[in-house]
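Asks: Below you will find the structure I want to go over with you.
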2 protein chains.
Amino acid sequence: MKLPGLADPHVHLREPGSEDKEDFYTGTCAALAGGYTALLDMPNNPQPTSSLEALEYKKQLAAAKIVCDVGFNFGATPINAPLYPQVEPQVAALKVYLGETHGPLVFGGLEGMLSVFQGWNSPRPIMIHAEGPIVAATIGLAALYDRRIHICHLSKRDELVLVRAAKERGLKVTCEVAPHHLFLTSEDAAPDHLGPYGHMSPALQSGADLDALWQGLADGAVDMIATDHAPHTRAEKEGPKPPFGVPGLETAFPLLYRAVKQGRAGVTLDRLVDLMALVPRRVFGLPLGDSEIEIDDSEFVISSENLLTKCGWTPFEGQLGRGRVRRVWLRGQLVFEDGRVLAPPGSGRVLF
Amino acid sequence: MKLPGLADPHVHLREPGSEDKEDFYTGTCAALAGGYTALLDMPNNPQPTSSLEALEYKKQLAAAKIVCDVGFNFGATPINAPLYPQVEPQVAALKVYLGETHGPLVFGGLEGMLSVFQGWNSPRPIMIHAEGPIVAATIGLAALYDRRIHICHLSKRDELVLVRAAKERGLKVTCEVAPHHLFLTSEDAAPDHLGPYGHMSPALQSGADLDALWQGLADGAVDMIATDHAPHTRAEKEGPKPPFGVPGLETAFPLLYRAVKQGRAGVTLDRLVDLMALVPRRVFGLPLGDSEIEIDDSEFVISSENLLTKCGWTPFEGQLGRGRVRRVWLRGQLVFEDGRVLAPPGSGRVLF
């Protein structure tokens, strides 16, 4: 069976600064292996992508290495709104880390939030990392300033209640859900199960939250799947302060496709194609690039072996997947076949 | 000069449970001395006013003691929304304490916030204790659920920016400002000045914030003055953990009237009457009760002596006031004259 190439608006390719976890080549190889032909990379590198220079440097590095198409999200700080007019045409979206999260780009004060919403006057979305009441705050700011916002890795039932209500009011709000919040719960994060490999932000949630997300996939309240592909080394994950995040590019489609074939929550294959390929492209303005994937319809056991992500592990080890990606075409070229990347480094395009 | 009786939608009369600080008689005597003929009492007593029984008991206590009119605000908890239909006709508003504040009624999770906004389907306002991004969250929820909200003791410039934007969008948002945020700044809270007597929530802010609030008084972005009269004993204030809050009923009008006569920020006397008498009555549905006050137009030094509030101190000690209240009439009766309360306990009305 053939489908359009998948698109993921939320990945951490880790370059520059954390090439021990992933780089532009290995990350985009993992993307092709997972059926993705377009990615949007996040700005929270050790030197964050929150200046024109950092953005330009990242694009140069990417241009030499990527094997699928990659665009970039710009990192908001409380004080870099003056850069927006220059930055806006060069990125897919503005990324804002709000409240109790991590890394160099986090802020939570109202003054900084106002500078973002007053300043980002663009049809390109403001991508929001926020949880709980801060999701309500960003919806309020979107209403007041007539901005387009996108809630990243929405994980809780109550947050989806807000997004539904915002859509009913005609606000320009979209949201993504990550596969780990669809297939794992807080119980999976127990020390005797995933332990640090289940440590992420937002955290794994309850079964009731998971069910609400599936309902949202089926009825359209959830707009898209995004992996939040966040590779870390095993050494870091097993160290004293395990960082947040899990890889996801190579496991998302098989997990979702199997669930759809099982009829889970009534999500159809057409809906899945919307969620993983068409809606992310439409919302973030990503070209299809004449891309296509061919999948094998059989089931298989997900394993950490043979992954192309540099980190070499998956939290979904042992779960069943279905629909292994056999071939990927991008701009008419066969770029991936049966586990092997055929595209040379640098053959992907830097978007925007 | 005669003016309509003042109205304050935000006072803590402390009964039952903290009669060492204030009670219904002393608090309403202080109100008359300050020119107020109608008050709304807050629910954060040691046993909070968050049940029908607690509300009924408070009304009984008040009925026997008050010398001006008093209505009550009901305390929201994360789980008492089922009481709203019974409570709503009996109170002026619902009070919600959100986030980093204090006392038995505080909550901050999205689930509880949703229960409030989904549940309180009334033209009577939801009064919000919130700061910073949580103000944006409540504006968002008001937009999503078409609720009328009132931001209590708004203290910061950025919060007023939100309220302005919400009003421009036609949302049903009002706000109050407290005199201490209009006449004191964080510098006044220094240990060698007010020290614990300047300890309040929200805290005293910067001079830039103070200026923004004055601008809001003048141009209508601020709807009303509310004292947040919050008496505490000197022993508590000078103890190891000073509680938040200051008394305000007897000092608000003289401070504001003097500033208006000085032409501060262009606030007119008509505007002051709106801010302190007419708008609070309109927003919260408080009857004027044929009330009137007569003021003496001369200046005087504010002093902790001769105050009728039981706590017996004011943070405005030494500041100049103007327009001492000489006489107060309520329902045609002279109830206060030259420092003496003439009305007998219980002659005030319980509103709603």
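In the structure tokens, the first chain shown is A, the next is B, and so on; residue numbers restart at 1 for each chain, and ligands run from 1 in the order shown.
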Write out the coordinates of chain A as a short mmCIF file (atom, residue, chain, number, x, y, z; two decimals) with C-alpha atoms, in the first residue's frame after a least-squares overlay onto chain B built on all ordered Cα pairs.

Replies:
data_model
loop_
_atom_site.label_atom_id
_atom_site.label_comp_id
_atom_site.auth_asym_id
_atom_site.auth_seq_id
_atom_site.Cartn_x
_atom_site.Cartn_y
_atom_site.Cartn_z
CA MET A 1 -20.12 68.40 49.48
CA LYS A 2 -22.40 65.40 49.17
CA LEU A 3 -21.75 62.24 47.17
CA PRO A 4 -23.48 58.87 46.83
CA GLY A 5 -22.53 56.32 49.44
CA LEU A 6 -19.43 54.37 48.43
CA ALA A 7 -19.46 50.63 47.69
CA ASP A 8 -16.62 48.16 48.11
CA PRO A 9 -16.91 44.72 46.50
CA HIS A 10 -13.86 43.30 48.25
CA VAL A 11 -13.49 43.33 52.05
CA HIS A 12 -12.56 40.77 54.67
CA LEU A 13 -14.76 41.33 57.71
CA ARG A 14 -13.13 38.30 59.36
CA GLU A 15 -16.19 36.86 61.07
CA PRO A 16 -16.55 34.04 61.88
CA GLY A 17 -13.20 32.77 62.97
CA SER A 18 -10.93 35.80 63.24
CA GLU A 19 -12.83 38.18 65.48
CA ASP A 20 -9.53 39.25 67.04
CA LYS A 21 -8.84 41.12 63.77
CA GLU A 22 -12.31 42.44 62.94
CA ASP A 23 -15.98 41.54 63.25
CA PHE A 24 -19.18 42.42 61.44
CA TYR A 25 -19.83 45.38 63.74
CA THR A 26 -16.36 46.91 63.80
CA GLY A 27 -15.80 46.30 60.10
CA THR A 28 -19.04 47.96 59.07
CA CYS A 29 -18.38 50.82 61.50
CA ALA A 30 -15.07 51.33 59.72
CA ALA A 31 -16.98 51.23 56.44
CA LEU A 32 -19.32 54.04 57.49
CA ALA A 33 -16.38 56.06 58.77
CA GLY A 34 -14.83 55.69 55.32
CA GLY A 35 -18.02 56.64 53.49
CA TYR A 36 -19.04 53.13 52.45
CA THR A 37 -22.65 52.05 52.70
CA ALA A 38 -22.38 48.69 50.90
CA LEU A 39 -19.73 45.99 51.11
CA LEU A 40 -19.13 42.55 49.69
CA ASP A 41 -17.43 40.21 52.14
CA MET A 42 -14.93 37.59 51.02
CA PRO A 43 -15.18 33.87 51.75
CA ASN A 44 -11.68 32.97 52.95
CA ASN A 45 -12.49 32.62 56.62
CA PRO A 46 -10.75 29.85 58.60
CA GLN A 47 -13.90 27.85 57.87
CA PRO A 48 -14.35 29.06 54.32
CA THR A 49 -17.67 30.25 52.97
CA SER A 50 -17.77 27.45 50.45
CA SER A 51 -20.86 25.55 51.62
CA LEU A 52 -24.51 26.53 51.92
CA GLU A 53 -24.31 26.07 55.67
CA ALA A 54 -21.31 28.37 56.06
CA LEU A 55 -23.01 31.00 53.92
CA GLU A 56 -26.24 30.81 55.89
CA TYR A 57 -24.35 31.01 59.20
CA LYS A 58 -22.38 34.05 58.04
CA LYS A 59 -25.58 35.80 57.00
CA GLN A 60 -27.12 35.13 60.41
CA LEU A 61 -24.10 36.52 62.23
CA ALA A 62 -23.99 39.55 59.96
CA ALA A 63 -27.71 40.30 60.25
CA ALA A 64 -27.35 40.89 63.98
CA LYS A 65 -24.33 43.17 63.79
CA ILE A 66 -23.87 45.12 60.59
CA VAL A 67 -24.41 48.87 60.37
CA CYS A 68 -24.16 49.16 56.59
CA ASP A 69 -25.34 46.83 53.82
CA VAL A 70 -23.28 43.71 53.27
CA GLY A 71 -23.46 41.05 50.59
CA PHE A 72 -21.36 37.92 50.31
CA ASN A 73 -19.12 36.29 47.74
CA PHE A 74 -19.11 32.52 47.67
CA GLY A 75 -15.87 30.59 47.79
CA ALA A 76 -15.16 28.22 44.92
CA THR A 77 -13.33 24.98 45.62
CA PRO A 78 -12.25 22.49 42.98
CA ILE A 79 -15.29 20.35 43.82
CA ASN A 80 -18.18 22.54 44.96
CA ALA A 81 -19.58 23.50 41.55
CA PRO A 82 -22.66 21.30 42.16
CA LEU A 83 -23.72 23.89 44.77
CA TYR A 84 -23.76 26.79 42.31
CA PRO A 85 -27.42 26.61 41.29
CA GLN A 86 -28.54 26.87 44.92
CA VAL A 87 -25.89 29.40 45.90
CA GLU A 88 -26.08 31.77 42.96
CA PRO A 89 -29.23 33.70 43.96
CA GLN A 90 -27.88 34.18 47.49
CA VAL A 91 -24.55 35.84 46.70
CA ALA A 92 -23.12 38.73 44.71
CA ALA A 93 -20.40 36.75 43.01
CA LEU A 94 -18.28 33.64 43.02
CA LYS A 95 -14.76 34.13 44.37
CA VAL A 96 -11.95 31.97 43.01
CA TYR A 97 -8.46 31.95 44.48
CA LEU A 98 -6.08 30.74 41.81
CA GLY A 99 -2.44 29.89 41.94
CA GLU A 100 0.18 31.22 44.26
CA THR A 101 -1.92 32.79 46.96
CA HIS A 102 -2.86 31.66 50.43
CA GLY A 103 -5.56 30.20 52.57
CA PRO A 104 -7.98 27.33 52.50
CA LEU A 105 -9.60 28.09 49.15
CA VAL A 106 -6.57 28.16 46.89
CA PHE A 107 -6.33 25.91 43.88
CA GLY A 108 -4.49 26.07 40.63
CA GLY A 109 -5.18 22.99 38.54
CA LEU A 110 -6.92 23.16 35.19
CA GLU A 111 -9.57 20.63 36.23
CA GLY A 112 -10.79 22.82 39.09
CA MET A 113 -10.68 25.93 36.92
CA LEU A 114 -12.76 24.20 34.26
CA SER A 115 -15.34 23.16 36.85
CA VAL A 116 -15.69 26.82 37.86
CA PHE A 117 -16.05 28.22 34.37
CA GLN A 118 -18.24 25.44 33.06
CA GLY A 119 -20.38 25.51 36.18
CA TRP A 120 -20.95 29.19 36.98
CA ASN A 121 -23.58 30.04 34.38
CA SER A 122 -24.71 33.38 35.76
CA PRO A 123 -24.64 37.10 34.98
CA ARG A 124 -23.08 37.52 38.42
CA PRO A 125 -19.31 37.78 38.05
CA ILE A 126 -16.63 35.28 38.82
CA MET A 127 -14.20 37.27 40.98
CA ILE A 128 -10.66 36.18 40.33
CA HIS A 129 -7.64 36.29 42.60
CA ALA A 130 -4.85 35.65 40.09
CA GLU A 131 -1.64 37.18 38.92
CA GLY A 132 0.45 37.23 35.76
CA PRO A 133 -0.18 34.42 33.27
CA ILE A 134 -3.11 33.10 35.31
CA VAL A 135 -4.95 36.34 34.56
CA ALA A 136 -4.53 35.45 30.88
CA ALA A 137 -5.84 31.95 31.66
CA THR A 138 -9.01 33.29 33.26
CA ILE A 139 -9.57 35.67 30.34
CA GLY A 140 -9.18 32.68 28.04
CA LEU A 141 -11.71 30.68 30.04
CA ALA A 142 -14.09 33.65 30.10
CA ALA A 143 -13.82 33.82 26.30
CA LEU A 144 -14.37 30.09 25.84
CA TYR A 145 -17.35 29.81 28.21
CA ASP A 146 -18.80 33.30 27.73
CA ARG A 147 -18.53 34.14 31.42
CA ARG A 148 -18.42 37.48 33.20
CA ILE A 149 -15.19 37.79 35.18
CA HIS A 150 -13.83 40.41 37.52
CA ILE A 151 -10.10 40.60 38.18
CA CYS A 152 -9.51 41.46 41.84
CA HIS A 153 -6.79 43.84 43.06
CA LEU A 154 -5.09 44.08 39.68
CA SER A 155 -1.61 45.37 40.45
CA LYS A 156 0.64 45.16 37.40
CA ARG A 157 0.90 47.03 34.14
CA ASP A 158 0.97 43.86 32.06
CA GLU A 159 -2.22 42.60 33.67
CA LEU A 160 -3.92 45.84 32.74
CA VAL A 161 -2.70 45.40 29.16
CA LEU A 162 -4.63 42.12 29.13
CA VAL A 163 -7.76 43.69 30.56
CA ARG A 164 -7.65 46.48 27.99
CA ALA A 165 -7.27 43.99 25.17
CA ALA A 166 -10.12 41.87 26.55
CA LYS A 167 -12.42 44.89 26.69
CA GLU A 168 -11.49 45.81 23.12
CA ARG A 169 -12.51 42.28 22.09
CA GLY A 170 -15.86 42.73 23.82
CA LEU A 171 -15.22 40.18 26.54
CA LYS A 172 -17.12 40.62 29.80
CA VAL A 173 -14.11 41.50 31.93
CA THR A 174 -13.97 44.09 34.69
CA CYS A 175 -11.24 44.83 37.20
CA GLU A 176 -10.62 46.55 40.49
CA VAL A 177 -7.52 48.23 41.88
CA ALA A 178 -6.69 48.58 45.57
CA PRO A 179 -5.58 51.88 47.13
CA HIS A 180 -2.36 50.36 48.42
CA HIS A 181 -1.29 49.62 44.84
CA LEU A 182 -2.07 53.25 43.95
CA PHE A 183 -0.19 54.93 46.79
CA LEU A 184 2.57 52.49 47.81
CA THR A 185 5.29 50.70 45.87
CA SER A 186 7.65 47.84 46.61
CA GLU A 187 10.07 50.42 48.02
CA ASP A 188 7.55 51.18 50.76
CA ALA A 189 7.66 47.54 51.82
CA ALA A 190 11.33 47.89 52.81
CA PRO A 191 12.19 46.63 56.32
CA ASP A 192 12.98 50.14 57.54
CA HIS A 193 9.67 51.51 56.32
CA LEU A 194 6.46 49.42 56.33
CA GLY A 195 8.18 46.08 56.73
CA PRO A 196 5.51 43.47 57.52
CA TYR A 197 2.79 46.13 57.34
CA GLY A 198 3.58 46.34 53.63
CA HIS A 199 3.29 42.58 53.17
CA MET A 200 0.32 41.81 50.93
CA SER A 201 -0.91 39.65 48.10
CA PRO A 202 -0.53 40.76 45.38
CA ALA A 203 2.67 42.40 46.59
CA LEU A 204 3.38 46.09 46.28
CA GLN A 205 4.75 46.70 42.78
CA SER A 206 6.99 49.11 40.91
CA GLY A 207 6.43 52.79 40.25
CA ALA A 208 5.83 51.97 36.58
CA ASP A 209 3.04 49.61 37.57
CA LEU A 210 1.55 52.25 39.85
CA ASP A 211 1.60 54.80 37.02
CA ALA A 212 -0.12 52.35 34.67
CA LEU A 213 -2.89 51.80 37.23
CA TRP A 214 -3.45 55.54 37.56
CA GLN A 215 -3.67 55.81 33.79
CA GLY A 216 -6.26 53.04 33.88
CA LEU A 217 -8.31 54.91 36.50
CA ALA A 218 -8.37 57.93 34.25
CA ASP A 219 -9.21 56.28 30.94
CA GLY A 220 -11.63 53.62 32.13
CA ALA A 221 -9.50 50.48 31.79
CA VAL A 222 -9.82 50.14 35.57
CA ASP A 223 -13.49 49.81 36.46
CA MET A 224 -13.45 50.38 40.18
CA ILE A 225 -11.53 50.85 43.41
CA ALA A 226 -11.80 48.07 46.00
CA THR A 227 -9.96 48.30 49.28
CA ASP A 228 -9.31 44.59 49.83
CA HIS A 229 -9.74 45.65 53.49
CA ALA A 230 -7.80 42.87 55.22
CA PRO A 231 -7.24 43.69 58.90
CA HIS A 232 -4.71 41.77 60.95
CA THR A 233 -3.56 42.37 64.51
CA ARG A 234 -0.31 44.19 65.10
CA ALA A 235 0.92 41.10 66.94
CA GLU A 236 0.41 38.95 63.84
CA LYS A 237 1.98 41.50 61.54
CA GLU A 238 5.03 41.78 63.78
CA GLY A 239 5.23 38.02 64.34
CA PRO A 240 7.46 35.50 62.62
CA LYS A 241 5.07 34.87 59.71
CA PRO A 242 3.23 38.10 58.97
CA PRO A 243 -0.03 37.44 57.11
CA PHE A 244 -0.90 39.18 53.85
CA GLY A 245 -3.06 42.28 53.85
CA VAL A 246 -3.83 45.72 55.19
CA PRO A 247 -7.00 47.51 56.30
CA GLY A 248 -8.30 50.11 53.87
CA LEU A 249 -11.91 51.16 54.38
CA GLU A 250 -11.22 54.34 56.35
CA THR A 251 -8.37 55.64 54.21
CA ALA A 252 -9.39 54.91 50.62
CA PHE A 253 -11.61 57.88 49.94
CA PRO A 254 -9.38 60.55 51.55
CA LEU A 255 -6.34 59.28 49.65
CA LEU A 256 -8.16 59.13 46.33
CA TYR A 257 -10.05 62.38 46.78
CA ARG A 258 -6.88 64.30 47.59
CA ALA A 259 -5.17 62.87 44.52
CA VAL A 260 -8.14 63.82 42.34
CA LYS A 261 -8.14 67.36 43.70
CA GLN A 262 -4.44 67.51 42.85
CA GLY A 263 -5.31 66.50 39.31
CA ARG A 264 -3.39 63.25 39.45
CA ALA A 265 -3.40 61.45 36.09
CA GLY A 266 -6.38 63.56 35.06
CA VAL A 267 -8.86 61.54 37.14
CA THR A 268 -11.96 63.69 37.63
CA LEU A 269 -14.33 63.75 40.58
CA ASP A 270 -17.06 62.25 38.39
CA ARG A 271 -14.68 59.40 37.53
CA LEU A 272 -13.92 58.91 41.22
CA VAL A 273 -17.62 58.62 42.03
CA ASP A 274 -17.93 56.04 39.26
CA LEU A 275 -14.90 54.13 40.57
CA MET A 276 -15.88 54.12 44.23
CA ALA A 277 -19.67 54.24 44.25
CA LEU A 278 -21.55 53.71 41.01
CA VAL A 279 -19.65 51.11 38.98
CA PRO A 280 -19.23 48.61 41.84
CA ARG A 281 -22.97 48.85 42.46
CA ARG A 282 -23.77 48.33 38.79
CA VAL A 283 -21.36 45.43 38.25
CA PHE A 284 -22.38 43.57 41.41
CA GLY A 285 -26.02 44.58 41.52
CA LEU A 286 -25.81 46.46 44.83
CA PRO A 287 -28.65 48.83 45.69
CA LEU A 288 -27.80 52.46 46.37
CA GLY A 289 -30.16 52.23 49.34
CA ASP A 290 -30.82 55.97 49.17
CA SER A 291 -27.38 56.48 50.69
CA GLU A 292 -25.36 59.65 50.73
CA ILE A 293 -22.18 60.95 52.30
CA GLU A 294 -21.12 64.45 53.23
CA ILE A 295 -17.45 65.28 53.18
CA ASP A 296 -15.34 68.03 54.65
CA ASP A 297 -13.06 69.38 51.95
CA SER A 298 -9.94 70.03 54.04
CA GLU A 299 -6.67 68.08 54.19
CA PHE A 300 -5.54 66.03 57.15
CA VAL A 301 -2.75 63.69 58.13
CA ILE A 302 -3.79 60.03 58.10
CA SER A 303 -3.19 58.44 61.48
CA SER A 304 -3.69 55.09 63.11
CA GLU A 305 -5.48 56.85 65.96
CA ASN A 306 -9.25 57.02 66.04
CA LEU A 307 -9.72 54.29 63.46
CA LEU A 308 -12.85 52.21 63.90
CA THR A 309 -11.35 49.05 62.40
CA LYS A 310 -10.54 46.70 65.21
CA CYS A 311 -6.97 46.21 64.06
CA GLY A 312 -6.19 49.85 64.82
CA TRP A 313 -3.49 50.62 62.28
CA THR A 314 -3.06 51.77 58.71
CA PRO A 315 -0.14 51.45 56.28
CA PHE A 316 -0.88 55.00 55.12
CA GLU A 317 0.07 56.55 58.48
CA GLY A 318 1.50 60.00 57.89
CA GLN A 319 0.20 60.38 54.32
CA LEU A 320 -2.05 63.32 53.57
CA GLY A 321 -5.73 62.75 52.95
CA ARG A 322 -8.50 65.12 52.00
CA GLY A 323 -12.26 64.97 52.32
CA ARG A 324 -12.91 63.47 55.74
CA VAL A 325 -16.33 61.85 55.88
CA ARG A 326 -18.52 63.90 58.21
CA ARG A 327 -21.96 62.37 57.80
CA VAL A 328 -23.40 59.25 56.19
CA TRP A 329 -27.07 58.56 55.45
CA LEU A 330 -28.46 55.15 54.58
CA ARG A 331 -32.11 54.78 53.56
CA GLY A 332 -32.61 58.35 54.66
CA GLN A 333 -31.30 57.77 58.19
CA LEU A 334 -28.23 59.55 59.52
CA VAL A 335 -26.03 56.58 60.42
CA PHE A 336 -22.65 58.23 61.00
CA GLU A 337 -21.60 61.69 62.15
CA ASP A 338 -18.21 63.11 63.03
CA GLY A 339 -16.54 59.92 64.05
CA ARG A 340 -19.53 58.36 65.78
CA VAL A 341 -21.63 55.51 64.43
CA LEU A 342 -25.29 56.29 65.09
CA ALA A 343 -26.81 53.19 63.53
CA PRO A 344 -27.55 50.31 65.91
CA PRO A 345 -25.99 46.89 65.26
CA GLY A 346 -28.16 44.96 62.85
CA SER A 347 -29.57 48.02 61.12
CA GLY A 348 -27.63 47.27 57.93
CA ARG A 349 -29.13 44.87 55.42
CA VAL A 350 -27.84 41.54 54.28
CA LEU A 351 -27.90 41.77 50.50
CA PHE A 352 -29.03 38.87 48.28
#

Asks: Using backbone DSSP assignments, extract all strand (DSSP E or B) residues from region 32-170 of chain A; output them as a PyMOL selection string.

Replies: chain A and resi 36-41+69-75+93-98+106-107+126-129+149-151

Asks: As a PyMOL selection string, which residues of region 214-292 of chain B does DSSP assign to helix (DSSP H, G or I)?

Replies: chain B and resi 214-219+234-237+252-261+264-266+269-284
